[in-house]
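Engineer: Okay, here's the structure, questions in a sec.
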Amino acid sequence: MSLKEETDALRKIPLFANLDPAKLKLLAFMSQRLTFEPGHAVFSQGDPGDAAYIVLDGEAVISIDSPKGRIDLAHMGRNEILGEIAILCDVPRTAHVTASADRPLVCLKIEKNDFMGLINEFPSMAVEIMRELARRIVNTNQQLRQAVAAKG
Amino acid sequence: MAAEKDEQLDRSIFRYVLRHSVRDTMTICCLVALAQLFYYVTLDLPKNIMNQGIQGKGIKFPVDVGGLGWFSFDQLGYLFWLCALFLCAILVNGGLKQYVNSLKGKLGERLLRRLRFQLVARILRFPVPHFRKTSAGELIPMVTSEVEQIGGFMGDAFVQPLMQAGMLLTIAIFLFVQNPMMGMAAISLFPIQAYIVPKLQKRVKTLGKERVKAVRKISERIGETVGGIQEVRTLGTSTWERADYTERLGLVYRIRFDIYQRKSLVKFINNTLNQGAPLLFYGIGGYLVIHGSLSLGALVAALSAHKDMTAPWKELLDYYQQAQDSQQKYEQVIDQFQPENMLPAALHEPANDAAPRLNGPIAATSLGVQEDAQTKLLENVTFKIAQGEHVAVVGPPGGGREALAMTLARLYLPTSGSLRVGENDFATLSEADLGARVGYVGPNAYIFSASIRDNLAYGLRQRVLSPTEDAQRQAMLAEAERAGNLPYDVEAQWVDYTQAGAADAADFDRVAAEMLTRVDLAEDIFQMGLRGRIDPRKRKTVADAILAARAAFRQRLSGSQPDPALKGLVETFDPDRYNDNATLGENLLFGTPLDASFEGDALATQPDFLAVLRQQGLEIELVTMGRKLAETMVELFAGLPAGHEFFDRFSFIAADDLPAYQAIVARTAPKPDGSLPTIDEEDRARLVSLPLKLVDARHRLGLIDKAFKERALAARKALAANLPGAARAKIAFFDPDSYNAAASIQDNILFGRVAYGQAKAQTTVGQTIREVLDALGLRERVFEIGLDFQAGVAGARLSGPQRQKLAIARALVKRPDILVFNDAIAALDRAAQARVLDQVIEAARGTTLVWSTQDAASAPRFARAMVFSDGRLVQDGPVDDLKAREGMLKEMLAAE
């Protein structure tokens, strides 16, 4: 486990892929490496979102509450990001995230305040992130158009 | 009480002195008059010594002194006899003078003490709105420095002119007795001075007034600059600020120099005239001696007498200048201390008996409150609140609800109509009684610079409870009374624990815990206790109990049945293992520094420490690590502006030092063969200081490997063995069996570090510590240590919500008859607001509760609401009625 490994993990996240490597290293240095024991909660649905988590090792389970109980939605592994929207705006968590039952989950925790502090200092980071988000809107619109077309 | 008998301060400083010290002044004056007799003798005797003793003129020897035949002298004997008499006269005159001076000093100091006390007592009675116009920056120098000079003068006010004029008169009489012509010569120049000096002085007086004003303005501006320092910095106006000070200091400079010049002119005229006078003596006196109508002895005596005359005359002129100065300063101070609508002095009378209960309903009849002639805060308000009733008071800001709450706490005095509670009129209730029976919490409650415990007990200190028996302190109190101060011993027992429902001081902690739990603050205080430190020598039982908790915690962590939840969360201090969650510095010292020389960056320059590192061959490795760290820090943080919070939170190097380290890294670049160049001592120390702060598990820089840890452990052992005794005393070594005075309670229980990188480690460990403390019954002990936490100046070491909660607890703890809250919980978050409101309502059961709030949505928590707008009571009734009816409350609830 070293700073270099974590910086590499950050670079593999699309949201951060185009950021200046030196800034990524600073972000990694400022972030906390956390281990969650098997089955332990990372965060719960409805919690205030204050940080994003990048999976460094292990597996995270995403689930939501439903009238029938908890439903597992997805599993996330190495180099995937959890709750990224939380570091960009104030929204409560929309799902539960827990470490999978079979092994510990190791994450890099990026605090929203620190991330925002970094963006405030380096506006070029903001531009890169804005581009990535715009690209996603384009994709979403496209998918929507296709869906509407398929229905009609 | 004598202290406040005189409602108005006298305009004249002389009248003030006379009023408060007439007897002392009279005594001193009599002594001064007596001293003049002996002084006359000291003037007259030299003539006899010259004429009779030395020259033997007009006398026959042997001389029979006293005429009884007891003392018969020849000429030499007679000379010595006269000299002895002269010596006696000098001693008696000097002794009297010394005694008078000491009396006068006492008089002056007492008057100063009295004046200061009166000024402070008056500040306590200023109407609350007055503090918006007057800053502490203005008041402080007036009470401290400005009156200081006045006090010095007050002792002199009557004595000095009397003493000096008396001396002058004595000398003049002596001269006239010798020869009327000489007497005339001696005083001939005085009228000229007496005419010119006041003329010059007049302008000095007006200038002095301007100077005081200008300096006061500067102190006010300094207060403003300090208060607004963040704005000045962020708005970049320090240049303008400095220009402003330049202008103000320039004004003071011009005034002061003008005063100086005028004063020195006065001095010049005086000196010249004084030195001119002997001319007249030589001329006239010489003429008379030559003509035989004056003896040489008389002329010499007259000359020396006249020489003596210059001193008192100079003193008199100085006195005159000082009198003018002091009178004017006095006036300027006094003027600031008589604002209109001061709280009547009668309400400040110290209470001797327990406060009467404020039973009965609160009744306002045509109540009106005005801040000044124009601003009406409340107009014609009439209502009745039954004893024990709970009322929400709502309305738009400035509509009168705040004023009502403040009037109920008598922060405003009713200007018309009446406000009564049962039999008692709010206008005449003494402050002590009101303070004991009415609890008030405003939106920005003030926390005093004292412990949490003392802040809670602050509201229980309306009167002194125990008599002072110590004779020394009694004498001090008697002196205080003579100076018009309060003869109450501040060291005596003041806190009325019974009012809080506690048996005694020890039992008060229980009540404190109860109240702090109500206001949601108990957990915070417990945490403060955990972070608190104690002196194990003074509190041995607590220290031993904490050691027991350490053992119990260790049992949970790694005993026969370890708690699985704690696995990997705490790394205990082990003499034989490197602690990855502690800094390298801690690992080497294996203890907590007790002295600044072993703390932080200083450690890298501590000679004993360095000597051991060098001997262990570790220094060069630390330098290499320091270089790598410096490189990384420069790379990571170079782009950030200085002063960015990231430096404080994450960097090993402060923003200001970053360029210096950049330079060090450059000049210590390894040679082509990989070895380091020679590095001077200063650079070495700076580099070594970096890795000492390194926590391997936290920083994840991969700089500390297994081999290095082995060497660090060896160095640890070498340090423990080789540090000289003086250095060892400055470190509290980690010892599993003894309490570490330099570490907090929590660290003492933990005896290790919480592991980095384990999710929820802090919470889990915190929870376990709590369980351990509960199991040992130690929670109260830790809470008590938390109550010792010092709140800091104006409660600065507490957060805003914590201060507000503490203030609410302070109001509740005195169990008042009426509770008044004025936007008291606005600073709290929503969830805490709801909890605290519930608890306050619960605690106030049976107590009249007036809850003034900007948050109309909380009104339905009360049975009754009063709505204020434009200073008038526009709605009053059961909340359920008002909610249903068209009107302001319905509108406000709809707007939420």
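Going by the structure tokens order, chains are called A, B, ..., each with residues numbered from 1, while ligands are numbered from 1 in the order shown.
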Please produce, as a tab-separated table, a per-residue contact table for chain B versus chain A (criterion: any atom at most 12 Å away, only C-alpha atoms considered), showing the nearest atom pair and its distance in Å to one decimal, sorted by chain then residue number.
Structural biologist:
```
residue	atom	partner	partner_atom	distance
B:Pro564	CA	A:Glu37	CA	10.9
B:Ala565	CA	A:Glu37	CA	9.4
B:Leu566	CA	A:Glu37	CA	11.1
B:Lys567	CA	A:Glu37	CA	10.0
B:Gly568	CA	A:Thr35	CA	10.4
B:Leu569	CA	A:Thr35	CA	10.5
B:Thr632	CA	A:Leu26	CA	9.7
B:Met633	CA	A:Leu26	CA	9.2
B:Val634	CA	A:Ala22	CA	10.8
B:Glu635	CA	A:Ala22	CA	7.2
B:Leu636	CA	A:Leu26	CA	5.3
B:Phe637	CA	A:Leu26	CA	7.5
B:Ala638	CA	A:Ala22	CA	10.1
B:Gly639	CA	A:Glu121	CA	8.4
B:Leu640	CA	A:Glu121	CA	6.8
B:Pro641	CA	A:Glu121	CA	8.0
B:Ala642	CA	A:Glu121	CA	11.4
B:His644	CA	A:Glu121	CA	9.1
B:Glu645	CA	A:Gly117	CA	8.9
B:Phe646	CA	A:Asp114	CA	8.3
B:Phe647	CA	A:Met30	CA	10.6
B:Asp648	CA	A:Met30	CA	11.8
B:Arg649	CA	A:Met30	CA	8.8
B:Phe650	CA	A:Met30	CA	6.5
B:Ser651	CA	A:Met30	CA	9.2
B:Phe652	CA	A:Phe29	CA	11.8
B:Asp696	CA	A:Ser2	CA	10.3
B:Ala697	CA	A:Arg33	CA	9.3
B:Arg698	CA	A:Gln32	CA	7.8
B:His699	CA	A:Phe29	CA	7.1
B:Arg700	CA	A:Ser2	CA	5.2
B:Leu701	CA	A:Leu3	CA	5.9
B:Gly702	CA	A:Ser2	CA	6.0
B:Leu703	CA	A:Ser2	CA	9.7
B:Ile704	CA	A:Ser2	CA	11.4
B:Ala755	CA	A:Leu34	CA	10.2
B:Tyr756	CA	A:Leu34	CA	7.7
B:Gly757	CA	A:Leu34	CA	4.0
B:Gln758	CA	A:Thr35	CA	4.8
B:Ala759	CA	A:Phe36	CA	5.4
B:Lys760	CA	A:Phe36	CA	8.4
B:Ala761	CA	A:Leu34	CA	9.7
```
Engineer: Residues near segment 124-127 of chain A, anyone? I mean within 9 Å using only C-alpha atoms, not counting same-chain ones fewer than 5 positions away, as a ChimeraX atom specification.
Structural biologist: /A:16,18-20,23,118-119,132
Engineer: If you run DSSP on the backbone, which residues of segment 26-117 of chain A are alpha helix (DSSP H), as a PyMOL selection string?
Structural biologist: chain A and resi 26-30+112-117
Engineer: Check the smallest atom-to-atom distance from each of B:Gly877, B:Gly786, B:Pro801, B:Gly887 to Gln527 of chain B using only C-alpha atoms, then report the winner.
Structural biologist: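 The answer is B:Gly786, which sits nearest to Gln527 of chain B.
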Engineer: Go ahead and compute the interatomic distance for atom CA of Cys88 of chain B and atom CA of Gln52 of chain B, in Å to one decimal.
Structural biologist: 18.7 Å
Engineer: Where does DSSP see strand (DSSP E or B) in segment 32-108 of chain A, if you list the residues as an mmCIF file with N, CA and C atoms, in the first residue's frame?
Structural biologist:
```cif
data_model
loop_
_atom_site.group_PDB
_atom_site.id
_atom_site.type_symbol
_atom_site.label_atom_id
_atom_site.label_comp_id
_atom_site.auth_asym_id
_atom_site.auth_seq_id
_atom_site.Cartn_x
_atom_site.Cartn_y
_atom_site.Cartn_z
ATOM 1 N N GLN A 32 -8.047 9.406 2.895
ATOM 2 C CA GLN A 32 -7.758 8.426 3.930
ATOM 3 C C GLN A 32 -7.949 7.035 3.362
ATOM 4 N N ARG A 33 -7.029 6.157 3.672
ATOM 5 C CA ARG A 33 -7.201 4.764 3.259
ATOM 6 C C ARG A 33 -7.928 4.038 4.383
ATOM 7 N N LEU A 34 -9.058 3.409 4.063
ATOM 8 C CA LEU A 34 -9.898 2.812 5.103
ATOM 9 C C LEU A 34 -10.176 1.354 4.815
ATOM 10 N N THR A 35 -10.130 0.538 5.851
ATOM 11 C CA THR A 35 -10.486 -0.867 5.701
ATOM 12 C C THR A 35 -11.820 -1.131 6.411
ATOM 13 N N PHE A 36 -12.759 -1.736 5.700
ATOM 14 C CA PHE A 36 -14.038 -2.118 6.304
ATOM 15 C C PHE A 36 -14.060 -3.619 6.464
ATOM 16 N N ALA A 41 -20.935 -1.656 7.196
ATOM 17 C CA ALA A 41 -21.524 -0.629 6.330
ATOM 18 C C ALA A 41 -20.500 0.457 6.031
ATOM 19 N N VAL A 42 -20.453 0.882 4.775
ATOM 20 C CA VAL A 42 -19.653 2.042 4.397
ATOM 21 C C VAL A 42 -20.493 3.300 4.634
ATOM 22 N N PHE A 43 -21.706 3.292 4.093
ATOM 23 C CA PHE A 43 -22.699 4.313 4.453
ATOM 24 C C PHE A 43 -24.090 3.756 4.214
ATOM 25 N N PRO A 48 -26.352 11.877 5.104
ATOM 26 C CA PRO A 48 -25.842 12.985 4.288
ATOM 27 C C PRO A 48 -24.580 12.528 3.554
ATOM 28 N N ALA A 51 -18.634 12.151 1.350
ATOM 29 C CA ALA A 51 -17.378 11.652 0.804
ATOM 30 C C ALA A 51 -17.660 10.646 -0.306
ATOM 31 N N ALA A 52 -16.670 10.474 -1.187
ATOM 32 C CA ALA A 52 -16.737 9.407 -2.191
ATOM 33 C C ALA A 52 -15.697 8.358 -1.819
ATOM 34 N N TYR A 53 -15.913 7.112 -2.244
ATOM 35 C CA TYR A 53 -14.986 6.033 -1.901
ATOM 36 C C TYR A 53 -14.509 5.350 -3.169
ATOM 37 N N ILE A 54 -13.222 5.125 -3.261
ATOM 38 C CA ILE A 54 -12.708 4.375 -4.403
ATOM 39 C C ILE A 54 -12.245 3.018 -3.896
ATOM 40 N N VAL A 55 -12.768 1.974 -4.531
ATOM 41 C CA VAL A 55 -12.444 0.628 -4.062
ATOM 42 C C VAL A 55 -11.007 0.295 -4.470
ATOM 43 N N LEU A 56 -10.182 -0.027 -3.486
ATOM 44 C CA LEU A 56 -8.804 -0.408 -3.777
ATOM 45 C C LEU A 56 -8.647 -1.921 -3.742
ATOM 46 N N ASP A 57 -9.471 -2.541 -2.892
ATOM 47 C CA ASP A 57 -9.395 -3.990 -2.775
ATOM 48 C C ASP A 57 -10.694 -4.497 -2.158
ATOM 49 N N ALA A 60 -17.681 -4.191 -2.872
ATOM 50 C CA ALA A 60 -18.740 -3.474 -2.179
ATOM 51 C C ALA A 60 -20.086 -3.892 -2.740
ATOM 52 N N VAL A 61 -21.077 -3.969 -1.833
ATOM 53 C CA VAL A 61 -22.420 -4.353 -2.261
ATOM 54 C C VAL A 61 -23.326 -3.137 -2.158
ATOM 55 N N ILE A 62 -24.029 -2.833 -3.270
ATOM 56 C CA ILE A 62 -24.957 -1.695 -3.273
ATOM 57 C C ILE A 62 -26.356 -2.255 -3.089
ATOM 58 N N SER A 63 -27.108 -1.690 -2.166
ATOM 59 C CA SER A 63 -28.474 -2.188 -1.973
ATOM 60 C C SER A 63 -29.391 -1.033 -1.604
ATOM 61 N N ILE A 64 -30.714 -1.219 -1.816
ATOM 62 C CA ILE A 64 -31.681 -0.186 -1.400
ATOM 63 C C ILE A 64 -32.783 -0.825 -0.570
ATOM 64 N N ASP A 65 -33.431 0.048 0.197
ATOM 65 C CA ASP A 65 -34.570 -0.429 0.987
ATOM 66 C C ASP A 65 -35.790 -0.509 0.084
ATOM 67 N N SER A 66 -36.609 -1.555 0.265
ATOM 68 C CA SER A 66 -37.880 -1.641 -0.467
ATOM 69 C C SER A 66 -38.894 -2.206 0.515
ATOM 70 N N GLY A 69 -38.024 -5.413 1.929
ATOM 71 C CA GLY A 69 -36.719 -5.576 2.585
ATOM 72 C C GLY A 69 -35.625 -5.032 1.683
ATOM 73 N N ARG A 70 -34.395 -5.349 2.041
ATOM 74 C CA ARG A 70 -33.281 -4.800 1.273
ATOM 75 C C ARG A 70 -33.042 -5.572 -0.012
ATOM 76 N N ILE A 71 -32.859 -4.837 -1.091
ATOM 77 C CA ILE A 71 -32.589 -5.504 -2.369
ATOM 78 C C ILE A 71 -31.177 -5.145 -2.812
ATOM 79 N N ASP A 72 -30.362 -6.166 -3.142
ATOM 80 C CA ASP A 72 -29.037 -5.897 -3.685
ATOM 81 C C ASP A 72 -29.162 -5.442 -5.128
ATOM 82 N N LEU A 73 -28.510 -4.354 -5.454
ATOM 83 C CA LEU A 73 -28.589 -3.832 -6.819
ATOM 84 C C LEU A 73 -27.360 -4.198 -7.626
ATOM 85 N N ALA A 74 -26.178 -4.031 -7.000
ATOM 86 C CA ALA A 74 -24.959 -4.234 -7.785
ATOM 87 C C ALA A 74 -23.795 -4.559 -6.870
ATOM 88 N N HIS A 75 -22.723 -5.060 -7.444
ATOM 89 C CA HIS A 75 -21.482 -5.281 -6.729
ATOM 90 C C HIS A 75 -20.420 -4.440 -7.406
ATOM 91 N N MET A 76 -19.563 -3.851 -6.637
ATOM 92 C CA MET A 76 -18.516 -3.036 -7.238
ATOM 93 C C MET A 76 -17.154 -3.493 -6.744
ATOM 94 N N ILE A 81 -15.747 3.711 -8.294
ATOM 95 C CA ILE A 81 -16.001 4.794 -7.324
ATOM 96 C C ILE A 81 -17.419 4.707 -6.802
ATOM 97 N N LEU A 82 -17.550 4.924 -5.478
ATOM 98 C CA LEU A 82 -18.854 4.845 -4.812
ATOM 99 C C LEU A 82 -19.261 6.247 -4.351
ATOM 100 N N PRO A 92 -28.551 13.392 -0.140
ATOM 101 C CA PRO A 92 -28.450 12.248 0.770
ATOM 102 C C PRO A 92 -28.103 11.001 -0.029
ATOM 103 N N HIS A 96 -27.632 1.921 0.156
ATOM 104 C CA HIS A 96 -26.712 1.421 1.168
ATOM 105 C C HIS A 96 -25.478 0.879 0.468
ATOM 106 N N VAL A 97 -24.316 1.050 1.086
ATOM 107 C CA VAL A 97 -23.114 0.384 0.573
ATOM 108 C C VAL A 97 -22.468 -0.362 1.739
ATOM 109 N N THR A 98 -22.199 -1.650 1.545
ATOM 110 C CA THR A 98 -21.552 -2.450 2.585
ATOM 111 C C THR A 98 -20.402 -3.242 1.986
ATOM 112 N N ALA A 99 -19.486 -3.634 2.843
ATOM 113 C CA ALA A 99 -18.412 -4.513 2.387
ATOM 114 C C ALA A 99 -19.009 -5.906 2.177
ATOM 115 N N LEU A 105 -13.068 -4.852 2.800
ATOM 116 C CA LEU A 105 -13.117 -3.900 1.690
ATOM 117 C C LEU A 105 -12.139 -2.769 2.017
ATOM 118 N N VAL A 106 -11.240 -2.499 1.080
ATOM 119 C CA VAL A 106 -10.300 -1.385 1.302
ATOM 120 C C VAL A 106 -10.655 -0.262 0.341
ATOM 121 N N CYS A 107 -10.860 0.931 0.889
ATOM 122 C CA CYS A 107 -11.274 2.067 0.074
ATOM 123 C C CYS A 107 -10.364 3.258 0.319
ATOM 124 N N LEU A 108 -10.354 4.150 -0.655
ATOM 125 C CA LEU A 108 -9.742 5.449 -0.455
ATOM 126 C C LEU A 108 -10.899 6.424 -0.279
#
```
Engineer: Would you mind listing what lies within 10 Å of Tyr245 of chain B as a list of chain:residue names, with only C-alpha atoms counted and same-chain residues fewer than 5 positions away left out?
Structural biologist: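 Once the nearby chain positions are removed, what remains is B:Ile218, B:Arg221, B:Ile222, B:Thr239, B:Trp240, B:Gly250, B:Leu251.
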Engineer: Out of B:Arg510, B:Arg410, B:Lys709, B:Lys671, which residue has the shortest atom-to-atom distance to Glu621 of chain B when counting only C-alpha atoms?
Structural biologist: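 Of B:Arg510, B:Arg410, B:Lys709, B:Lys671, the one nearest Glu621 of chain B is B:Lys709, counting only C-alpha atoms.
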Engineer: Might you pull out every residue within 9 Å of Met116 of chain A, with only C-alpha atoms counted and same-chain residues fewer than 5 positions away left off, and present them as a list of chain:residue names?
Structural biologist: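 Returned residues: A:Ile87, A:Leu88, A:Glu111, A:Glu121.
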Engineer: As a list in words, please: the residues near Glu402 of chain B (cut-off 8 Å, only C-alpha atoms, same-chain neighbours under 4 positions excluded).
Structural biologist: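 Final neighbour list, sorted by chain and number: Pro397, Gly398, Met406, Asn822 and Ser852 of chain B.
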